[in-house]
$ cat coords_2.txt   # compact mmCIF, C-alpha atoms
# COMPACT_ATOMS: atom_id res chain seq x y z
CA MET A 1 0.00 0.00 0.00
CA ASN A 2 1.23 3.50 -0.81
CA HIS A 3 1.89 5.80 2.13
CA ILE A 4 2.54 9.55 1.96
CA ILE A 5 5.09 10.85 4.45
CA SER A 6 5.65 14.59 4.82
CA VAL A 7 8.93 15.49 6.52
CA LEU A 8 9.91 19.00 7.60
CA VAL A 9 13.69 19.32 7.74
CA GLU A 10 16.36 21.94 8.21
CA ASN A 11 17.11 23.40 4.78
CA LYS A 12 20.77 22.30 4.69
CA SER A 13 22.91 20.37 2.27
CA GLY A 14 23.13 16.62 2.83
CA VAL A 15 19.76 16.23 4.58
CA LEU A 16 18.08 14.63 1.57
CA ALA A 17 20.98 12.18 1.20
CA LYS A 18 20.62 11.11 4.84
CA ILE A 19 16.89 10.55 4.47
CA SER A 20 17.06 8.68 1.17
CA GLY A 21 19.96 6.64 2.55
CA LEU A 22 17.81 5.56 5.49
CA PHE A 23 15.24 4.10 3.08
CA SER A 24 17.85 2.50 0.84
CA ARG A 25 19.77 0.85 3.71
CA ARG A 26 16.55 -0.87 4.76
CA GLY A 27 15.74 -1.98 1.21
CA PHE A 28 12.66 0.21 0.79
CA ASN A 29 12.00 1.72 -2.61
CA ILE A 30 10.82 5.31 -2.76
CA GLU A 31 7.98 5.54 -5.29
CA SER A 32 7.99 9.36 -5.41
CA LEU A 33 10.16 12.04 -3.84
CA ALA A 34 9.66 15.81 -3.95
CA VAL A 35 11.60 18.46 -2.07
CA GLY A 36 10.79 22.14 -1.83
CA PRO A 37 10.98 25.21 0.34
CA THR A 38 8.35 26.22 2.88
CA ASP A 39 7.24 29.67 4.02
CA ASP A 40 10.34 29.66 6.26
CA GLU A 41 13.59 29.70 4.25
CA LYS A 42 15.34 27.69 6.98
CA ILE A 43 12.90 24.77 6.56
CA ALA A 44 12.25 22.47 3.58
CA ARG A 45 9.46 19.94 3.07
CA ILE A 46 10.20 16.48 1.71
CA THR A 47 7.21 14.50 0.44
CA ILE A 48 7.94 10.80 0.18
CA VAL A 49 5.60 8.18 -1.28
CA VAL A 50 6.51 4.60 -0.38
CA ASN A 51 4.84 1.28 -0.99
CA MET A 52 5.21 -0.71 2.24
CA ASP A 53 3.20 -2.22 5.05
CA GLU A 54 2.10 -0.26 8.13
CA ASP A 55 4.74 -1.80 10.43
CA SER A 56 7.54 -0.78 8.06
CA VAL A 57 6.19 2.77 7.87
CA GLU A 58 6.22 2.91 11.68
CA GLN A 59 9.80 1.63 11.76
CA VAL A 60 11.01 4.14 9.18
CA THR A 61 9.17 7.00 10.89
CA LYS A 62 10.85 6.20 14.22
CA GLN A 63 14.25 6.12 12.54
CA LEU A 64 13.56 9.40 10.71
CA HIS A 65 12.82 11.04 14.08
CA LYS A 66 16.36 10.14 15.19
CA LEU A 67 17.97 12.17 12.39
CA ILE A 68 19.20 15.49 13.76
CA ASN A 69 17.97 17.65 10.85
CA VAL A 70 14.41 16.26 10.91
CA LEU A 71 11.99 18.67 12.57
CA LYS A 72 8.57 17.06 12.06
CA ILE A 73 7.14 13.97 10.39
CA GLN A 74 3.53 13.58 9.36
CA LYS A 75 1.90 10.59 7.68
CA LEU A 76 -0.75 12.07 5.41
CA ASP A 77 -4.08 10.34 5.01
CA PRO A 78 -5.04 10.38 1.30
CA ASP A 79 -8.65 11.20 2.25
CA TYR A 80 -7.64 14.24 4.32
CA SER A 81 -4.90 15.69 2.16
CA VAL A 82 -4.51 17.23 -1.26
CA GLN A 83 -2.03 15.54 -3.61
CA ARG A 84 -0.76 16.88 -6.90
CA GLU A 85 1.79 15.99 -9.53
CA LEU A 86 3.13 18.02 -12.43
CA VAL A 87 3.99 16.44 -15.74
CA LEU A 88 5.36 17.71 -19.05
CA VAL A 89 4.40 15.53 -22.02
CA LYS A 90 5.93 16.02 -25.45
CA VAL A 91 3.67 14.53 -28.13
CA ASN A 92 4.36 13.84 -31.79
CA SER A 93 2.15 16.29 -33.64
CA GLU A 94 1.48 16.77 -37.30
CA ASN A 95 -1.03 19.20 -38.76
CA LYS A 96 -3.64 16.47 -39.27
CA ASN A 97 -3.79 15.42 -35.59
CA ARG A 98 -2.89 18.68 -33.83
CA ALA A 99 -6.53 19.69 -33.28
CA GLU A 100 -7.31 16.32 -31.65
CA ILE A 101 -4.33 16.63 -29.30
CA LEU A 102 -5.35 20.17 -28.37
CA GLU A 103 -8.90 18.98 -27.66
CA ILE A 104 -7.57 16.32 -25.26
CA ALA A 105 -5.41 19.00 -23.61
CA ASN A 106 -8.46 21.25 -23.29
CA ILE A 107 -10.56 18.49 -21.68
CA PHE A 108 -7.85 17.87 -19.07
CA ARG A 109 -7.12 21.60 -18.65
CA ALA A 110 -3.52 21.09 -19.71
CA ASN A 111 -1.45 24.05 -20.87
CA VAL A 112 0.44 24.17 -24.13
CA VAL A 113 3.97 25.23 -23.18
CA ASP A 114 5.83 24.63 -26.46
CA VAL A 115 4.95 24.02 -30.09
CA THR A 116 7.29 23.02 -32.89
CA LYS A 117 6.68 21.84 -36.43
CA ASN A 118 6.54 18.20 -35.30
CA SER A 119 5.59 18.28 -31.61
CA ILE A 120 3.51 19.85 -28.86
CA MET A 121 4.59 19.99 -25.23
CA LEU A 122 1.77 19.97 -22.69
CA GLU A 123 1.85 20.74 -18.97
CA LEU A 124 -0.66 19.09 -16.66
CA THR A 125 -1.14 19.31 -12.91
CA GLY A 126 -3.37 16.97 -10.95
CA ALA A 127 -3.76 13.68 -9.17
CA GLY A 128 -1.83 10.68 -10.42
CA THR A 129 -4.97 9.05 -11.83
CA LYS A 130 -5.71 12.14 -13.94
CA ILE A 131 -2.15 12.22 -15.27
CA ASN A 132 -2.24 8.50 -16.11
CA ALA A 133 -5.53 8.92 -18.01
CA PHE A 134 -4.09 11.90 -19.90
CA GLU A 135 -1.01 9.91 -20.93
CA GLU A 136 -3.14 6.95 -22.05
CA LEU A 137 -5.19 9.16 -24.37
CA LEU A 138 -2.03 10.70 -25.86
CA LYS A 139 -0.22 7.38 -26.48
CA PRO A 140 -1.81 6.75 -29.91
CA TYR A 141 -0.33 10.04 -31.16
CA GLY A 142 3.18 9.08 -30.07
CA ILE A 143 4.53 10.34 -26.77
CA LEU A 144 8.09 11.49 -27.37
CA GLU A 145 9.03 12.35 -23.80
CA VAL A 146 7.49 12.52 -20.32
CA VAL A 147 8.94 14.34 -17.31
CA GLY A 148 7.14 14.32 -13.96
CA THR A 149 7.74 15.87 -10.57
CA GLY A 150 6.48 13.15 -8.31
CA MET A 151 3.76 13.79 -5.77
CA ILE A 152 3.54 16.76 -3.46
CA ALA A 153 0.91 16.72 -0.73
CA CYS A 154 -0.47 18.87 2.03
CA GLY A 155 -2.90 18.06 4.82
CA ARG A 156 -6.31 19.72 4.59
CA GLY A 157 -7.55 22.26 7.08
CA LYS A 158 -5.62 24.30 9.60
CA LYS A 159 -1.92 23.79 10.13
CA THR A 160 -1.24 21.62 13.19
$ encode --input "coords_2.txt" --output "structure tokens"
Amino acid sequence: MNHIISVLVENKSGVLAKISGLFSRRGFNIESLAVGPTDDEKIARITIVVNMDEDSVEQVTKQLHKLINVLKIQKLDPDYSVQRELVLVKVNSENKNRAEILEIANIFRANVVDVTKNSIMLELTGAGTKINAFEELLKPYGILEVVGTGMIACGRGKKT
């Protein structure tokens, strides 16, 4: 089962390496990893998505707490948090199918960020299921490249 772990850390070099090393030493694969600043420049947020059982999540969380640069750890409940991913998709595009690709982009509220003679690059933000559906509809046209951010997530309601 996928678990979303939000970790507030000191915004210093080497912190991400320590955290990812903790997962790797225990043989856990990180499905998604996103790091970014918070409203305080001294603090960064790391969003980690892992596929493991509940006991393993507990074990990793306890070990994360021991790291000196870790300030706060929160396991986010998918039902009480907002999750988003960003993806750039470059699609093979000729004049005859360009209108169809743009219609799919319009339906998914994707933005056109680059157009060349032979391709269109689209930007889409949303839940993983939305992004997967978008990619599936574009496959017949020929996806040339896909770049994604991984999941970011934030708990709903007031900050605790």
$ residues_near_point --input "coords_2.txt" --point "(10.1, 21.8, 5.5)" --cutoff "7 Å" --atoms "only C-alpha atoms" --output "list in words"
Val7, Leu8, Val9, Glu10, Pro37, Thr38, Ile43, Ala44, Arg45 and Ile46 of chain A
$ residues_around --input "coords_2.txt" --residues "Gly155 (chain A)" --least-positions-apart "5" --cutoff "12 Å" --atoms "only C-alpha atoms" --output "VMD selection string"
chain A and resid 4 to 6 47 74 to 84 160
$ closest_residue --input "coords_2.txt" --among "A:Ala105, A:Lys158, A:Met52, A:Phe23" --to "Glu135 (chain A)" --atoms "all atoms listed in the file"
A:Ala105
$ atom_distance --input "coords_2.txt" --atom1 "CA of Ile101 (chain A)" --atom2 "CA of Pro140 (chain A)"
10.2 Å
$ closest_residue --input "coords_2.txt" --among "A:Leu67, A:Val113, A:Ile73, A:Leu102" --to "Leu88 (chain A)" --atoms "only C-alpha atoms"
A:Val113
$ closest_residue --input "coords_2.txt" --among "A:Arg109, A:Lys96, A:Arg25, A:Arg156" --to "Val60 (chain A)" --atoms "all atoms listed in the file"
A:Arg25
$ closest_residue --input "coords_2.txt" --among "A:Glu100, A:Ser93, A:Glu123, A:Val112" --to "Ile143 (chain A)" --atoms "only C-alpha atoms"
A:Ser93
$ residues_around --input "coords_2.txt" --residues "Asn95 (chain A)" --least-positions-apart "5" --cutoff "12 Å" --atoms "all atoms listed in the file" --output "mmCIF file with C-alpha atoms, in the coordinates of the input"
data_model
loop_
_atom_site.group_PDB
_atom_site.id
_atom_site.type_symbol
_atom_site.label_atom_id
_atom_site.label_comp_id
_atom_site.auth_asym_id
_atom_site.auth_seq_id
_atom_site.Cartn_x
_atom_site.Cartn_y
_atom_site.Cartn_z
ATOM 1 C CA GLU A 100 -7.310 16.320 -31.650
ATOM 2 C CA ILE A 101 -4.330 16.630 -29.300
ATOM 3 C CA LEU A 102 -5.350 20.170 -28.370
ATOM 4 C CA VAL A 115 4.950 24.020 -30.090
ATOM 5 C CA THR A 116 7.290 23.020 -32.890
ATOM 6 C CA LYS A 117 6.680 21.840 -36.430
ATOM 7 C CA ASN A 118 6.540 18.200 -35.300
ATOM 8 C CA SER A 119 5.590 18.280 -31.610
ATOM 9 C CA ILE A 120 3.510 19.850 -28.860
ATOM 10 C CA TYR A 141 -0.330 10.040 -31.160
#
$ atom_distance --input "coords_2.txt" --atom1 "CA of Gln63 (chain A)" --atom2 "CA of Ser24 (chain A)"
12.8 Å
$ atom_distance --input "coords_2.txt" --atom1 "CA of Lys66 (chain A)" --atom2 "CA of Thr149 (chain A)"
27.8 Å
$ residues_around --input "coords_2.txt" --residues "Ile131 (chain A)" --least-positions-apart "2" --cutoff "12 Å" --atoms "all atoms listed in the file" --output "ChimeraX atom specification"
/A:84-89,105,108-110,122-129,133-138,146-151
$ write_last_selection --input "coords_2.txt" --atoms "C-alpha atoms" --output "PDB file, in the coordinates of the input"
ATOM      1  CA  ARG A  84      -0.760  16.880  -6.900  1.00  0.00           C
ATOM      2  CA  GLU A  85       1.790  15.990  -9.530  1.00  0.00           C
ATOM      3  CA  LEU A  86       3.130  18.020 -12.430  1.00  0.00           C
ATOM      4  CA  VAL A  87       3.990  16.440 -15.740  1.00  0.00           C
ATOM      5  CA  LEU A  88       5.360  17.710 -19.050  1.00  0.00           C
ATOM      6  CA  VAL A  89       4.400  15.530 -22.020  1.00  0.00           C
ATOM      7  CA  ALA A 105      -5.410  19.000 -23.610  1.00  0.00           C
ATOM      8  CA  PHE A 108      -7.850  17.870 -19.070  1.00  0.00           C
ATOM      9  CA  ARG A 109      -7.120  21.600 -18.650  1.00  0.00           C
ATOM     10  CA  ALA A 110      -3.520  21.090 -19.710  1.00  0.00           C
ATOM     11  CA  LEU A 122       1.770  19.970 -22.690  1.00  0.00           C
ATOM     12  CA  GLU A 123       1.850  20.740 -18.970  1.00  0.00           C
ATOM     13  CA  LEU A 124      -0.660  19.090 -16.660  1.00  0.00           C
ATOM     14  CA  THR A 125      -1.140  19.310 -12.910  1.00  0.00           C
ATOM     15  CA  GLY A 126      -3.370  16.970 -10.950  1.00  0.00           C
ATOM     16  CA  ALA A 127      -3.760  13.680  -9.170  1.00  0.00           C
ATOM     17  CA  GLY A 128      -1.830  10.680 -10.420  1.00  0.00           C
ATOM     18  CA  THR A 129      -4.970   9.050 -11.830  1.00  0.00           C
ATOM     19  CA  ALA A 133      -5.530   8.920 -18.010  1.00  0.00           C
ATOM     20  CA  PHE A 134      -4.090  11.900 -19.900  1.00  0.00           C
ATOM     21  CA  GLU A 135      -1.010   9.910 -20.930  1.00  0.00           C
ATOM     22  CA  GLU A 136      -3.140   6.950 -22.050  1.00  0.00           C
ATOM     23  CA  LEU A 137      -5.190   9.160 -24.370  1.00  0.00           C
ATOM     24  CA  LEU A 138      -2.030  10.700 -25.860  1.00  0.00           C
ATOM     25  CA  VAL A 146       7.490  12.520 -20.320  1.00  0.00           C
ATOM     26  CA  VAL A 147       8.940  14.340 -17.310  1.00  0.00           C
ATOM     27  CA  GLY A 148       7.140  14.320 -13.960  1.00  0.00           C
ATOM     28  CA  THR A 149       7.740  15.870 -10.570  1.00  0.00           C
ATOM     29  CA  GLY A 150       6.480  13.150  -8.310  1.00  0.00           C
ATOM     30  CA  MET A 151       3.760  13.790  -5.770  1.00  0.00           C
TER      31      MET A 151
END
$ closest_residue --input "coords_2.txt" --among "A:Val50, A:Met121, A:Met1, A:Val15" --to "Gly27 (chain A)" --atoms "all atoms listed in the file"
A:Val50
$ closest_residue --input "coords_2.txt" --among "A:Leu144, A:Cys154, A:Leu33, A:Ala17" --to "Asn69 (chain A)" --atoms "all atoms listed in the file"
A:Ala17
